[in-house]
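Chemist: One structure, pasted below without further comment.
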Amino acid sequence: MAKRLGSQLFVSRLSSFTSSEQLRKLFSPFGNVTEARLIMDRRTDRPKGFGFVTYQSDVEAQKALKAMDGRMVDGRLIFVEVAQTGRHENDTYS
């Protein structure tokens, strides 16, 4: 399944207490979030501290990137960038 360039964001330095639903709510003011998922550690079944947020359009993703990169969330400074295409689609994280 091909994704449009720039519609998926990589979010890092998330708190281990942040859930996928919280991630979706956090990023939804900037557009229609089609997917928000945290990457989980196989052994501990806890979030690894990063995840992906996918928007319906590139424009929405760019708005979110500008607003959320470098913001404090749950006491942590998070970083947001455009996800590299194919990087996580071919790798198994969970």
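Quick note on naming: the chains in the structure tokens go A, B, ... in the order shown, residues restart at 1 in each chain, and ligands are numbered from 1 in order of appearance.
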Can you list, as a PyMOL selection string, every protein, DNA or RNA residue that comes within 10 Å of region 43-49 of chain A when you count only C-alpha atoms, leaving out same-chain residues fewer than 2 positions away?
Modeler: chain A and resi 11-20+37-41+51+78+93-94
Chemist: Write down as a PyMOL selection string the residues belonging to region 16-45 of chain A that are assigned helix (DSSP H, G or I) by DSSP computed on the backbone.
Modeler: chain A and resi 20-30
Chemist: Could you save those same residues with C-alpha atoms as a PDB file, in the first residue's frame?
Modeler:
ATOM      1  CA  SER A  20      -1.975   5.282  20.914  1.00  0.00           C
ATOM      2  CA  GLU A  21      -5.324   6.910  21.677  1.00  0.00           C
ATOM      3  CA  GLN A  22      -3.617   9.837  23.428  1.00  0.00           C
ATOM      4  CA  LEU A  23      -1.285  10.174  20.446  1.00  0.00           C
ATOM      5  CA  ARG A  24      -4.301  10.321  18.100  1.00  0.00           C
ATOM      6  CA  LYS A  25      -6.045  12.956  20.254  1.00  0.00           C
ATOM      7  CA  LEU A  26      -2.857  14.998  20.512  1.00  0.00           C
ATOM      8  CA  PHE A  27      -2.438  15.192  16.734  1.00  0.00           C
ATOM      9  CA  SER A  28      -6.104  15.336  15.638  1.00  0.00           C
ATOM     10  CA  PRO A  29      -6.530  19.146  15.949  1.00  0.00           C
ATOM     11  CA  PHE A  30      -4.349  19.500  12.838  1.00  0.00           C
TER      12      PHE A  30
END
Chemist: Go through chain A and collect every residue that DSSP, computed from the backbone, puts in strand (DSSP E or B); the answer should be as JSON, numbers by chain.
Modeler: {"A": [8, 9, 10, 11, 12, 33, 34, 35, 36, 37, 38, 39, 40, 47, 48, 49, 50, 51, 52, 53, 54, 55, 72, 73, 76, 77, 79, 80, 81, 82]}
Chemist: Quick one: write out the picked residues with N, CA, C and O atoms as a CSV table (one decimal), in the first residue's frame?
Modeler:
chain,number,residue,atom,x,y,z
A,8,GLN,N,2.8,10.9,6.5
A,8,GLN,CA,3.1,10.2,7.7
A,8,GLN,C,4.2,10.8,8.5
A,8,GLN,O,5.3,11.2,7.9
A,9,LEU,N,4.0,11.0,9.8
A,9,LEU,CA,5.0,11.6,10.7
A,9,LEU,C,5.6,10.6,11.6
A,9,LEU,O,4.9,9.7,12.1
A,10,PHE,N,6.9,10.8,11.9
A,10,PHE,CA,7.6,10.0,12.9
A,10,PHE,C,7.7,10.8,14.2
A,10,PHE,O,8.1,12.0,14.1
A,11,VAL,N,7.2,10.3,15.3
A,11,VAL,CA,7.2,11.1,16.6
A,11,VAL,C,8.1,10.3,17.6
A,11,VAL,O,7.8,9.1,17.8
A,12,SER,N,9.1,11.0,18.1
A,12,SER,CA,10.0,10.4,19.0
A,12,SER,C,10.1,11.1,20.4
A,12,SER,O,9.6,12.2,20.5
A,33,VAL,N,-6.6,12.3,11.3
A,33,VAL,CA,-5.6,11.3,11.6
A,33,VAL,C,-6.2,9.9,11.1
A,33,VAL,O,-7.2,9.5,11.7
A,34,THR,N,-5.5,9.3,10.2
A,34,THR,CA,-6.0,8.0,9.7
A,34,THR,C,-5.4,6.8,10.5
A,34,THR,O,-6.0,5.7,10.6
A,35,GLU,N,-4.2,7.1,11.1
A,35,GLU,CA,-3.6,6.1,11.9
A,35,GLU,C,-2.7,6.7,12.9
A,35,GLU,O,-2.0,7.7,12.6
A,36,ALA,N,-2.7,6.3,14.2
A,36,ALA,CA,-1.7,6.7,15.2
A,36,ALA,C,-1.3,5.4,15.9
A,36,ALA,O,-2.2,4.7,16.5
A,37,ARG,N,-0.1,5.1,15.9
A,37,ARG,CA,0.4,3.9,16.5
A,37,ARG,C,1.7,4.0,17.2
A,37,ARG,O,2.6,4.7,16.6
A,38,LEU,N,1.8,3.4,18.3
A,38,LEU,CA,3.1,3.4,19.1
A,38,LEU,C,3.8,2.1,18.7
A,38,LEU,O,3.1,1.0,18.5
A,39,ILE,N,5.1,2.1,18.7
A,39,ILE,CA,5.9,0.9,18.5
A,39,ILE,C,6.2,0.3,19.9
A,39,ILE,O,6.6,1.0,20.8
A,40,MET,N,5.8,-1.0,20.0
A,40,MET,CA,5.9,-1.7,21.3
A,40,MET,C,7.2,-2.6,21.3
A,40,MET,O,7.5,-3.2,20.3
A,47,PRO,N,5.5,0.5,25.4
A,47,PRO,CA,5.9,1.4,24.2
A,47,PRO,C,7.4,1.7,24.3
A,47,PRO,O,8.0,1.9,25.3
A,48,LYS,N,8.0,1.8,23.1
A,48,LYS,CA,9.4,2.1,23.0
A,48,LYS,C,9.7,3.6,23.0
A,48,LYS,O,10.9,4.0,23.0
A,49,GLY,N,8.7,4.4,23.0
A,49,GLY,CA,8.9,5.8,23.1
A,49,GLY,C,8.9,6.5,21.8
A,49,GLY,O,9.2,7.7,21.7
A,50,PHE,N,8.4,5.8,20.7
A,50,PHE,CA,8.2,6.5,19.4
A,50,PHE,C,7.1,5.8,18.7
A,50,PHE,O,6.6,4.7,19.1
A,51,GLY,N,6.6,6.6,17.7
A,51,GLY,CA,5.4,6.0,16.9
A,51,GLY,C,5.2,6.8,15.7
A,51,GLY,O,6.1,7.7,15.3
A,52,PHE,N,4.1,6.5,15.0
A,52,PHE,CA,3.8,7.1,13.7
A,52,PHE,C,2.4,7.6,13.7
A,52,PHE,O,1.5,7.0,14.3
A,53,VAL,N,2.2,8.8,13.1
A,53,VAL,CA,0.9,9.4,12.9
A,53,VAL,C,0.7,9.7,11.4
A,53,VAL,O,1.6,10.3,10.8
A,54,THR,N,-0.4,9.1,10.9
A,54,THR,CA,-0.6,9.3,9.5
A,54,THR,C,-1.9,10.2,9.3
A,54,THR,O,-2.9,10.0,9.9
A,55,TYR,N,-1.7,11.1,8.4
A,55,TYR,CA,-2.8,12.0,8.0
A,55,TYR,C,-3.4,11.7,6.7
A,55,TYR,O,-2.7,11.1,5.8
A,72,MET,N,6.4,20.2,24.5
A,72,MET,CA,6.4,19.3,25.8
A,72,MET,C,5.1,18.6,25.8
A,72,MET,O,4.0,19.2,25.7
A,73,VAL,N,5.2,17.2,26.0
A,73,VAL,CA,4.0,16.4,26.1
A,73,VAL,C,4.3,15.4,27.2
A,73,VAL,O,5.3,14.7,27.2
A,76,ARG,N,7.7,15.5,28.6
A,76,ARG,CA,8.9,15.1,27.7
A,76,ARG,C,8.8,16.1,26.5
A,76,ARG,O,7.8,16.4,25.9
A,77,LEU,N,10.0,16.4,26.0
A,77,LEU,CA,10.2,17.2,24.8
A,77,LEU,C,10.1,16.3,23.6
A,77,LEU,O,11.0,15.4,23.5
A,79,PHE,N,9.9,15.1,19.5
A,79,PHE,CA,10.4,15.5,18.2
A,79,PHE,C,9.5,14.9,17.1
A,79,PHE,O,9.1,13.7,17.2
A,80,VAL,N,9.2,15.7,16.1
A,80,VAL,CA,8.3,15.2,15.0
A,80,VAL,C,9.0,15.5,13.7
A,80,VAL,O,9.5,16.6,13.5
A,81,GLU,N,9.0,14.5,12.8
A,81,GLU,CA,9.6,14.7,11.5
A,81,GLU,C,8.8,13.8,10.5
A,81,GLU,O,8.0,12.9,10.9
A,82,VAL,N,9.0,14.1,9.2
A,82,VAL,CA,8.3,13.3,8.2
A,82,VAL,C,8.9,11.9,8.2
A,82,VAL,O,10.2,11.8,8.2
Chemist: To one decimal in Å, tell me the separation between CA of Gly70 (chain A) and CA of Arg42 (chain A).
Modeler: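 About the pair CA of Gly70 (chain A) and CA of Arg42 (chain A): they are 28.0 Å apart.
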Chemist: Interatomic distance between CA of Gly75 (chain A) and CA of Asn32 (chain A)?
Modeler: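 A separation of 25.5 Å between them.
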Chemist: Would you compute the distance between CA of Gln84 (chain A) and CA of Leu65 (chain A)? Give it in Å to one decimal.
Modeler: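 We find that CA of Gln84 (chain A) and CA of Leu65 (chain A) lie 14.1 Å from each other.
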